[in-house]
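Data block for target28.csv (CSV, C-alpha atoms and all ligand atoms):
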```csv
chain,number,residue,atom,x,y,z
A,1,MET,CA,-18.9,6.9,-1.7
A,2,ASN,CA,-20.1,3.6,-3.2
A,3,LEU,CA,-17.2,1.1,-2.9
A,4,ARG,CA,-19.0,-2.2,-3.4
A,5,THR,CA,-16.9,-4.4,-5.5
A,6,ASP,CA,-17.3,-7.9,-6.7
A,7,ARG,CA,-15.6,-10.0,-4.0
A,8,MET,CA,-15.5,-13.5,-5.5
A,9,SER,CA,-12.0,-14.6,-4.4
A,10,PRO,CA,-11.5,-16.8,-1.4
A,11,LYS,CA,-10.5,-14.4,1.4
A,12,PRO,CA,-7.8,-14.8,4.0
A,13,GLU,CA,-8.7,-14.3,7.6
A,14,ARG,CA,-9.2,-10.7,8.4
A,15,VAL,CA,-7.9,-9.7,11.9
A,16,GLU,CA,-9.0,-6.6,13.7
A,17,VAL,CA,-6.2,-4.3,14.8
A,18,LEU,CA,-7.7,-1.4,16.7
A,19,GLY,CA,-10.9,-1.8,14.7
A,20,VAL,CA,-9.1,-1.9,11.3
A,21,GLY,CA,-9.3,-5.2,9.5
A,22,VAL,CA,-5.9,-6.5,8.3
A,23,ASP,CA,-5.6,-9.7,6.3
A,24,ALA,CA,-3.5,-12.5,7.8
A,25,LEU,CA,-1.3,-13.6,4.8
A,26,ASP,CA,2.3,-13.5,3.6
A,27,GLY,CA,3.7,-11.9,0.5
A,28,LYS,CA,3.3,-15.0,-1.7
A,29,ALA,CA,-0.4,-15.3,-0.8
A,30,ALA,CA,-0.9,-11.6,-1.3
A,31,ILE,CA,0.5,-11.9,-4.9
A,32,HIS,CA,-1.6,-15.0,-5.5
A,33,LEU,CA,-4.7,-13.1,-4.5
A,34,ILE,CA,-3.8,-10.0,-6.6
A,35,GLU,CA,-3.3,-12.3,-9.6
A,36,GLN,CA,-6.8,-13.7,-9.0
A,37,PHE,CA,-8.1,-10.1,-8.8
A,38,ILE,CA,-6.6,-9.4,-12.2
A,39,ALA,CA,-8.2,-12.5,-13.6
A,40,GLU,CA,-11.6,-11.6,-12.2
A,41,GLY,CA,-11.4,-8.2,-13.9
A,42,SER,CA,-13.8,-6.1,-11.7
A,43,PRO,CA,-12.0,-3.2,-10.0
A,44,LYS,CA,-10.4,-4.2,-6.6
A,45,ILE,CA,-8.7,-2.1,-3.9
A,46,VAL,CA,-5.5,-3.2,-2.3
A,47,ALA,CA,-4.2,-1.3,0.8
A,48,THR,CA,-1.1,-1.8,2.8
A,49,ALA,CA,-1.6,-1.0,6.5
A,50,ASP,CA,1.2,0.1,8.8
A,51,ALA,CA,0.9,1.3,12.4
A,52,SER,CA,0.5,5.0,11.4
A,53,ALA,CA,-2.3,4.0,9.0
A,54,VAL,CA,-4.2,2.3,11.8
A,55,VAL,CA,-3.7,5.4,14.0
A,56,ILE,CA,-4.9,7.7,11.2
A,57,ALA,CA,-7.9,5.5,10.7
A,58,GLN,CA,-9.0,6.0,14.3
A,59,LYS,CA,-9.9,9.6,13.4
A,60,ASP,CA,-10.3,9.7,9.7
A,61,ARG,CA,-13.7,8.1,8.9
A,62,ARG,CA,-13.3,8.2,5.2
A,63,PHE,CA,-10.0,6.5,5.3
A,64,ARG,CA,-11.4,3.8,7.7
A,65,ASP,CA,-14.3,3.2,5.3
A,66,VAL,CA,-11.9,2.6,2.4
A,67,LEU,CA,-9.8,0.1,4.5
A,68,GLU,CA,-13.0,-1.6,5.5
A,69,LYS,CA,-14.2,-2.0,1.9
A,70,ALA,CA,-10.7,-2.9,0.5
A,71,ASP,CA,-10.5,-6.3,-1.1
A,72,LEU,CA,-7.1,-6.9,0.4
A,73,VAL,CA,-5.3,-5.1,3.4
A,74,THR,CA,-1.8,-6.3,3.9
A,75,PRO,CA,0.1,-6.2,7.2
A,76,ASP,CA,2.8,-3.6,6.3
A,77,SER,CA,4.8,-3.1,9.4
A,78,VAL,CA,6.4,-5.0,12.3
A,79,GLY,CA,4.0,-3.2,14.6
A,80,ILE,CA,1.0,-4.6,12.8
A,81,VAL,CA,2.5,-8.1,12.7
A,82,TRP,CA,3.1,-7.8,16.5
A,83,ALA,CA,-0.5,-6.6,17.1
A,84,MET,CA,-1.9,-9.5,15.0
A,85,ARG,CA,0.2,-12.0,17.1
A,86,ARG,CA,-1.3,-10.4,20.2
A,87,ALA,CA,-4.7,-11.0,18.7
A,88,GLY,CA,-3.8,-14.7,18.4
A,89,VAL,CA,-2.9,-14.8,14.6
A,90,GLY,CA,0.7,-15.6,13.8
A,91,ILE,CA,2.2,-13.9,10.7
A,92,GLU,CA,5.9,-14.5,9.6
A,93,ASN,CA,6.7,-11.2,8.0
A,94,ARG,CA,5.2,-7.9,6.9
A,95,VAL,CA,4.0,-7.4,3.3
A,96,SER,CA,5.1,-4.0,2.2
A,97,GLY,CA,3.9,-1.9,-0.7
A,98,ILE,CA,7.4,-1.7,-2.2
A,99,ASP,CA,7.8,-5.5,-2.2
A,100,LEU,CA,4.5,-5.9,-3.9
A,101,VAL,CA,5.4,-3.3,-6.6
A,102,ASP,CA,8.7,-5.2,-7.2
A,103,ALA,CA,7.0,-8.6,-7.4
A,104,ILE,CA,4.2,-7.4,-9.6
A,105,CYS,CA,6.7,-5.7,-12.0
A,106,LYS,CA,8.5,-9.1,-12.2
A,107,LEU,CA,5.2,-10.8,-13.0
A,108,SER,CA,4.4,-8.2,-15.6
A,109,SER,CA,7.6,-8.9,-17.4
A,110,LEU,CA,6.6,-12.6,-17.5
A,111,LYS,CA,2.8,-12.3,-18.2
A,112,GLY,CA,2.4,-8.8,-19.7
A,113,TYR,CA,0.3,-7.2,-17.0
A,114,ARG,CA,-0.4,-3.6,-17.8
A,115,LEU,CA,0.9,-1.4,-15.0
A,116,TYR,CA,0.5,2.4,-14.3
A,117,PHE,CA,2.7,4.4,-11.9
A,118,LEU,CA,0.9,7.4,-10.4
A,119,GLY,CA,2.3,9.6,-7.7
A,120,ALA,CA,5.4,11.2,-6.1
A,121,ALA,CA,7.1,14.4,-7.3
A,122,PRO,CA,7.4,15.2,-11.0
A,123,GLY,CA,9.8,12.8,-12.8
A,124,ILE,CA,10.1,10.3,-9.9
A,125,ALA,CA,7.4,7.9,-11.2
A,126,GLU,CA,9.1,7.8,-14.6
A,127,ARG,CA,12.5,7.3,-13.0
A,128,ALA,CA,11.1,4.5,-10.9
A,129,ALA,CA,9.5,3.0,-14.1
A,130,ASP,CA,12.9,3.2,-15.9
A,131,LYS,CA,14.6,1.4,-13.0
A,132,MET,CA,12.0,-1.4,-13.1
A,133,ARG,CA,12.4,-1.7,-16.9
A,134,LEU,CA,16.2,-2.2,-16.4
A,135,LYS,CA,15.6,-4.7,-13.6
A,136,TYR,CA,12.8,-6.6,-15.3
A,137,PRO,CA,13.2,-6.3,-19.1
A,138,GLY,CA,9.8,-6.5,-20.8
A,139,VAL,CA,7.9,-5.1,-17.8
A,140,ASN,CA,4.7,-3.5,-19.3
A,141,ILE,CA,4.5,-0.1,-17.6
A,142,VAL,CA,2.0,1.7,-19.8
A,143,GLY,CA,2.1,5.1,-18.2
A,144,THR,CA,3.3,7.3,-15.4
A,145,HIS,CA,2.2,10.6,-13.8
A,146,ASP,CA,3.3,12.6,-10.8
A,147,GLY,CA,1.1,12.9,-7.7
A,148,TYR,CA,0.8,16.7,-7.6
A,149,PHE,CA,-1.9,17.3,-10.2
A,150,HIS,CA,-4.5,20.0,-9.8
A,151,ARG,CA,-8.0,18.9,-8.8
A,152,ASP,CA,-9.2,20.4,-12.1
A,153,ASP,CA,-6.9,18.0,-14.0
A,154,GLU,CA,-8.1,14.9,-12.1
A,155,ALA,CA,-10.9,13.9,-14.5
A,156,ALA,CA,-8.5,14.0,-17.5
A,157,LEU,CA,-6.0,11.9,-15.7
A,158,VAL,CA,-8.6,9.3,-14.6
A,159,ARG,CA,-9.8,9.2,-18.3
A,160,THR,CA,-6.2,8.6,-19.5
A,161,VAL,CA,-5.7,5.7,-17.0
A,162,ARG,CA,-9.1,4.2,-18.0
A,163,GLU,CA,-8.3,4.3,-21.7
A,164,LEU,CA,-5.0,2.5,-21.1
A,165,ASN,CA,-6.9,-0.6,-19.8
A,166,VAL,CA,-4.7,-1.0,-16.7
A,167,ASP,CA,-4.3,-4.2,-14.8
A,168,VAL,CA,-2.5,-2.8,-11.8
A,169,LEU,CA,-2.5,0.9,-10.9
A,170,PHE,CA,0.0,1.9,-8.2
A,171,VAL,CA,-0.8,5.1,-6.4
A,172,ALA,CA,2.0,6.6,-4.4
A,173,MET,CA,0.6,9.8,-2.9
A,174,GLY,CA,0.8,8.9,0.8
A,175,ILE,CA,-1.8,7.8,3.3
A,176,PRO,CA,-4.7,8.7,3.3
A,177,LYS,CA,-4.7,10.7,0.1
A,178,GLN,CA,-3.9,7.8,-2.2
A,179,GLU,CA,-6.7,5.6,-0.7
A,180,THR,CA,-9.3,8.3,-0.9
A,181,PHE,CA,-8.3,9.1,-4.5
A,182,ILE,CA,-8.6,5.4,-5.4
A,183,ALA,CA,-12.0,5.0,-3.6
A,184,GLU,CA,-13.4,8.1,-5.3
A,185,ASN,CA,-12.3,7.1,-8.8
A,186,LEU,CA,-12.3,3.3,-8.5
A,187,PHE,CA,-14.9,2.5,-11.2
A,188,ALA,CA,-13.9,5.4,-13.5
A,189,LEU,CA,-10.3,4.4,-13.4
A,190,ASN,CA,-11.4,0.8,-14.2
A,191,ALA,CA,-8.0,-0.6,-13.2
A,192,LYS,CA,-8.4,-4.3,-12.2
A,193,VAL,CA,-6.4,-3.6,-9.1
A,194,ALA,CA,-5.7,-0.2,-7.6
A,195,MET,CA,-3.1,-0.1,-4.8
A,196,GLY,CA,-1.8,2.6,-2.5
A,197,VAL,CA,2.0,2.3,-2.2
A,198,GLY,CA,3.2,5.3,-0.2
A,199,GLY,CA,6.8,6.3,-0.8
A,200,SER,CA,7.6,3.3,-3.0
A,201,PHE,CA,8.5,5.4,-6.1
A,202,ASP,CA,10.9,7.6,-4.1
A,203,VAL,CA,12.8,4.4,-3.1
A,204,LEU,CA,12.6,2.6,-6.5
A,205,SER,CA,13.8,5.7,-8.4
A,206,GLY,CA,16.8,6.0,-6.1
A,207,ALA,CA,15.6,9.4,-4.8
A,208,VAL,CA,15.4,7.9,-1.3
A,209,LYS,CA,17.5,5.0,-0.2
A,210,ARG,CA,16.0,1.9,1.5
A,211,ALA,CA,17.6,0.8,4.7
A,212,PRO,CA,20.5,-1.7,4.3
A,213,ARG,CA,19.5,-5.3,4.7
A,214,TRP,CA,21.0,-5.7,8.1
A,215,VAL,CA,18.9,-2.8,9.4
A,216,GLN,CA,15.8,-4.3,7.8
A,217,SER,CA,16.6,-7.6,9.4
A,218,LEU,CA,16.9,-5.9,12.8
A,219,ARG,CA,13.4,-4.5,12.0
A,220,LEU,CA,14.7,-1.0,12.4
A,221,GLU,CA,13.9,0.4,9.0
A,222,TRP,CA,11.6,3.0,10.6
A,223,LEU,CA,14.6,4.3,12.6
A,224,TRP,CA,16.7,4.5,9.4
A,225,ARG,CA,14.0,6.4,7.6
A,226,LEU,CA,13.7,8.8,10.5
A,227,ILE,CA,17.5,9.5,10.5
A,228,CYS,CA,17.6,9.9,6.7
A,229,ASN,CA,14.5,12.1,6.7
A,230,PRO,CA,13.6,14.0,9.9
A,231,ARG,CA,10.3,15.1,8.3
A,232,LYS,CA,9.2,11.5,8.9
A,233,TRP,CA,9.1,12.2,12.6
A,234,ARG,CA,5.4,12.8,12.4
A,235,LYS,CA,4.8,9.3,11.2
A,236,VAL,CA,7.2,7.7,13.6
A,237,ALA,CA,5.6,9.7,16.5
A,238,THR,CA,2.5,7.7,15.9
A,239,LEU,CA,4.3,4.5,16.9
A,240,PRO,CA,4.3,4.9,20.7
A,241,LYS,CA,0.6,5.8,20.4
A,242,PHE,CA,-0.1,2.7,18.4
A,243,TRP,CA,1.9,0.6,20.9
A,244,TRP,CA,0.0,2.1,23.9
A,245,MET,CA,-3.4,1.6,22.2
A,246,VAL,CA,-2.7,-2.1,21.4
A,247,MET,CA,-1.3,-2.8,24.9
A,248,ARG,CA,-4.6,-1.6,26.4
A,249,THR,CA,-6.5,-4.3,24.4
A,250,ARG,CA,-6.8,-7.8,25.7
A,251,ARG,CA,-4.2,-10.3,24.5
A,252,GLN,CA,-5.9,-13.3,22.8
A,253,PRO,CA,-4.6,-16.8,23.5
A,254,ARG,CA,-2.7,-18.4,20.5
B,1,LIG,N1,2.8,12.7,-2.6
B,1,LIG,C1,2.2,12.9,-3.8
B,1,LIG,N2,1.2,13.9,-3.8
B,1,LIG,C2,0.8,14.5,-2.7
B,1,LIG,C3,1.5,14.3,-1.5
B,1,LIG,C4,2.5,13.3,-1.5
B,1,LIG,O1,2.4,12.3,-4.8
B,1,LIG,O2,-0.1,15.4,-2.8
B,1,LIG,C5,3.9,11.7,-2.6
B,1,LIG,C6,5.2,12.1,-2.0
B,1,LIG,O3,6.0,12.8,-3.0
B,1,LIG,C7,5.8,10.8,-1.7
B,1,LIG,C8,4.6,9.9,-1.3
B,1,LIG,O4,3.5,10.6,-1.8
B,1,LIG,O5,6.4,10.2,-2.8
B,1,LIG,C9,4.4,9.7,0.2
B,1,LIG,O6,5.5,9.0,0.7
B,1,LIG,P1,5.5,8.6,2.3
B,1,LIG,O7,6.7,7.7,2.4
B,1,LIG,O8,5.2,9.7,3.1
B,1,LIG,O9,4.2,7.6,2.3
B,1,LIG,P2,3.5,6.9,3.5
B,1,LIG,O10,4.4,7.1,4.7
B,1,LIG,O11,2.2,7.5,3.6
B,1,LIG,O12,3.4,5.5,3.1
```

What's the structure tokens form of this structure?
Ligand code: UDP
Amino acid sequence: MNLRTDRMSPKPERVEVLGVGVDALDGKAAIHLIEQFIAEGSPKIVATADASAVVIAQKDRRFRDVLEKADLVTPDSVGIVWAMRRAGVGIENRVSGIDLVDAICKLSSLKGYRLYFLGAAPGIAERAADKMRLKYPGVNIVGTHDGYFHRDDEAALVRTVRELNVDVLFVAMGIPKQETFIAENLFALNAKVAMGVGGSFDVLSGAVKRAPRWVQSLRLEWLWRLICNPRKWRKVATLPKFWWMVMRTRRQPR
């Protein structure tokens, strides 16, 4: 898999969390960098790393390679923010995929960026797009597709995205499927930015509710998601493992 991209933008500090590089930046800086990527024009990969992603990357070499080559990896969970602080790098808040989708939709309504929503069950990406069109009139979502296409249909889908000249492609097919899809098709898709955004369309469409603000502020969104969707237990079960693995590493002085 050749993932070499043209990395001309000034890069934030990349901090190792259990061998996975995560960029030390806040949401505003992430958006600024993504706008630079759009301006540069050559395909860039953006990933959002939460604790379960880092645990998966320990065993999944292909996934780890994609994260390593990604042009931006945001700290997408309180666990990652905590581990980065232990490594001596202070970050205020996490930078989640859904917050980036929201912010980029807003920017698209102001600047015309061409967005494509790929992923989730049939109808969900379109519903999420409609919600964004209501929230940000003028947002330029040029296409949507579900994330359950047959392998035989992948080439046609990639061609469709390519022909639409997309600025930002959001891929919501879960970790690590979305990242491997992006990496395998990066140059064929020719989107200026391709970003894995997990369950974002489920939430934006209203199919899955995000935790209330007070739960988010207590940093217990993961517990809320588990209660609402017990199938998430597998993901949550990686958290103690993540915590234990980080605790075994040496704390760095601030
Ligand atoms: N999904 C998909 N294609 C697949 C498998 C999953 O589009 O082959 C979608 C699924 O419907 C859901 C999203 O990927 O909308 C994964 O959401 P989750 O919250 O599990 O993502 P993660 O926890 O990996 O960020």

Which of A:Val46, A:Ala83, A:Leu134, A:Ala120 sits closest to ligand LIG 1 (chain B) [using all atoms listed in the file]: A:Ala120

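Closest to Lys28 in chain A among A:Asp99, A:Val78, A:Arg251, A:Arg85 is A:Asp99, based on only C-alpha atoms.
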
What are the nearest atom pairs, with distances in Å to one decimal, for all residues of range 47-83 of chain A that come at most 7 Å from range 171-195 of chain A, using only C-alpha atoms, set out by chain and rising residue number as JSON lines?
```
{"residue": "A:Ala47", "atom": "CA", "partner": "A:Met195", "partner_atom": "CA", "distance": 5.8}
{"residue": "A:Ala53", "atom": "CA", "partner": "A:Ile175", "partner_atom": "CA", "distance": 6.9}
{"residue": "A:Phe63", "atom": "CA", "partner": "A:Pro176", "partner_atom": "CA", "distance": 6.1}
{"residue": "A:Val66", "atom": "CA", "partner": "A:Ala183", "partner_atom": "CA", "distance": 6.5}
```

Shell around range 231-248 of chain A at 8 Å using all atoms listed in the file, local window under 5 positions removed, as a PyMOL selection string: chain A and resi 17-18+51-52+54-55+79+83+222+225-226

Nearest-residue call for Lys111 in chain A, choices A:Ile80, A:Val139, A:Val158, A:Val89, using all atoms listed in the file: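 Looking only at the distances to Lys111 in chain A, the closest residue turns out to be A:Val139.
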
Residue contacts of Gly27 in chain A (10 Å, only C-alpha atoms) excluding same-chain residues fewer than 3 positions away, as an NGL selection string: :A and (30-33 or 74-75 or 92-96 or 99-100 or 103)

Output for the residues just chosen: C-alpha atoms as a tab-separated table (two decimals), in the coordinates of the input:
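Saved to out38.tsv:
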```tsv
chain	number	residue	atom	x	y	z
A	30	ALA	CA	-0.90	-11.60	-1.30
A	31	ILE	CA	0.50	-11.90	-4.90
A	32	HIS	CA	-1.60	-15.00	-5.50
A	33	LEU	CA	-4.70	-13.10	-4.50
A	74	THR	CA	-1.80	-6.30	3.90
A	75	PRO	CA	0.10	-6.20	7.20
A	92	GLU	CA	5.90	-14.50	9.60
A	93	ASN	CA	6.70	-11.20	8.00
A	94	ARG	CA	5.20	-7.90	6.90
A	95	VAL	CA	4.00	-7.40	3.30
A	96	SER	CA	5.10	-4.00	2.20
A	99	ASP	CA	7.80	-5.50	-2.20
A	100	LEU	CA	4.50	-5.90	-3.90
A	103	ALA	CA	7.00	-8.60	-7.40
```

Atomic separation - CA of Ile98 in chain A relative to CA of Ser200 in chain A, Å: 5.1 Å

Could range 149-160 of chain A be completed with all heavy atoms and written as a compact mmCIF listing (two decimals), in the coordinates of the input, please?
```txt
# COMPACT_ATOMS: atom_id res chain seq x y z
N PHE A 149 -0.98 16.71 -9.20
CA PHE A 149 -1.90 17.30 -10.20
C PHE A 149 -2.92 18.16 -9.52
O PHE A 149 -3.27 17.94 -8.35
CB PHE A 149 -2.52 16.20 -11.05
CG PHE A 149 -3.13 15.10 -10.23
CD1 PHE A 149 -4.43 15.19 -9.79
CD2 PHE A 149 -2.37 13.98 -9.88
CE1 PHE A 149 -4.99 14.18 -9.01
CE2 PHE A 149 -2.93 12.97 -9.10
CZ PHE A 149 -4.24 13.07 -8.67
N HIS A 150 -3.42 19.14 -10.28
CA HIS A 150 -4.50 20.00 -9.80
C HIS A 150 -5.81 19.27 -9.81
O HIS A 150 -6.02 18.43 -10.70
CB HIS A 150 -4.55 21.27 -10.65
CG HIS A 150 -5.32 22.38 -10.02
ND1 HIS A 150 -6.68 22.50 -10.17
CD2 HIS A 150 -4.92 23.38 -9.21
CE1 HIS A 150 -7.10 23.55 -9.48
NE2 HIS A 150 -6.05 24.10 -8.88
N ARG A 151 -6.65 19.58 -8.86
CA ARG A 151 -8.00 18.90 -8.80
C ARG A 151 -8.71 19.03 -10.14
O ARG A 151 -9.38 18.08 -10.56
CB ARG A 151 -8.79 19.64 -7.68
CG ARG A 151 -10.08 18.99 -7.31
CD ARG A 151 -9.88 17.83 -6.32
NE ARG A 151 -11.16 17.19 -6.04
CZ ARG A 151 -11.33 15.97 -5.59
NH1 ARG A 151 -10.30 15.21 -5.33
NH2 ARG A 151 -12.51 15.48 -5.37
N ASP A 152 -8.53 20.18 -10.84
CA ASP A 152 -9.20 20.40 -12.10
C ASP A 152 -8.71 19.38 -13.20
O ASP A 152 -9.38 19.16 -14.21
CB ASP A 152 -8.97 21.79 -12.67
CG ASP A 152 -9.60 22.83 -11.78
OD1 ASP A 152 -10.43 22.45 -10.92
OD2 ASP A 152 -9.27 24.02 -11.95
N ASP A 153 -7.51 18.86 -12.99
CA ASP A 153 -6.90 18.00 -14.00
C ASP A 153 -7.21 16.48 -13.69
O ASP A 153 -6.81 15.60 -14.45
CB ASP A 153 -5.41 18.17 -14.11
CG ASP A 153 -5.08 19.60 -14.53
OD1 ASP A 153 -5.87 20.15 -15.32
OD2 ASP A 153 -4.08 20.15 -14.04
N GLU A 154 -7.88 16.26 -12.55
CA GLU A 154 -8.10 14.90 -12.10
C GLU A 154 -8.90 14.06 -13.08
O GLU A 154 -8.54 12.92 -13.41
CB GLU A 154 -8.72 14.88 -10.71
CG GLU A 154 -8.78 13.51 -10.08
CD GLU A 154 -9.16 13.56 -8.61
OE1 GLU A 154 -8.54 14.32 -7.83
OE2 GLU A 154 -10.11 12.84 -8.23
N ALA A 155 -9.97 14.65 -13.59
CA ALA A 155 -10.90 13.90 -14.50
C ALA A 155 -10.13 13.44 -15.73
O ALA A 155 -10.29 12.29 -16.18
CB ALA A 155 -12.08 14.75 -14.84
N ALA A 156 -9.29 14.32 -16.29
CA ALA A 156 -8.50 14.00 -17.50
C ALA A 156 -7.55 12.84 -17.22
O ALA A 156 -7.40 11.90 -18.01
CB ALA A 156 -7.81 15.19 -18.05
N LEU A 157 -6.92 12.93 -16.06
CA LEU A 157 -6.00 11.90 -15.70
C LEU A 157 -6.67 10.54 -15.52
O LEU A 157 -6.20 9.50 -16.01
CB LEU A 157 -5.26 12.31 -14.37
CG LEU A 157 -4.36 11.29 -13.71
CD1 LEU A 157 -3.20 10.91 -14.61
CD2 LEU A 157 -3.82 11.85 -12.39
N VAL A 158 -7.81 10.58 -14.85
CA VAL A 158 -8.60 9.30 -14.60
C VAL A 158 -8.97 8.74 -15.99
O VAL A 158 -8.87 7.53 -16.21
CB VAL A 158 -9.81 9.63 -13.75
CG1 VAL A 158 -10.78 8.45 -13.74
CG2 VAL A 158 -9.37 9.98 -12.33
N ARG A 159 -9.37 9.63 -16.92
CA ARG A 159 -9.80 9.20 -18.30
C ARG A 159 -8.58 8.49 -18.97
O ARG A 159 -8.71 7.43 -19.58
CB ARG A 159 -10.27 10.36 -19.08
CG ARG A 159 -11.50 10.01 -19.87
CD ARG A 159 -12.22 11.15 -20.54
NE ARG A 159 -11.47 12.37 -20.72
CZ ARG A 159 -11.71 13.50 -20.05
NH1 ARG A 159 -12.66 13.55 -19.14
NH2 ARG A 159 -11.00 14.59 -20.29
N THR A 160 -7.40 9.12 -18.83
CA THR A 160 -6.20 8.60 -19.50
C THR A 160 -5.93 7.15 -18.95
O THR A 160 -5.67 6.23 -19.73
CB THR A 160 -4.97 9.46 -19.15
OG1 THR A 160 -5.25 10.76 -19.63
CG2 THR A 160 -3.70 8.93 -19.81
```
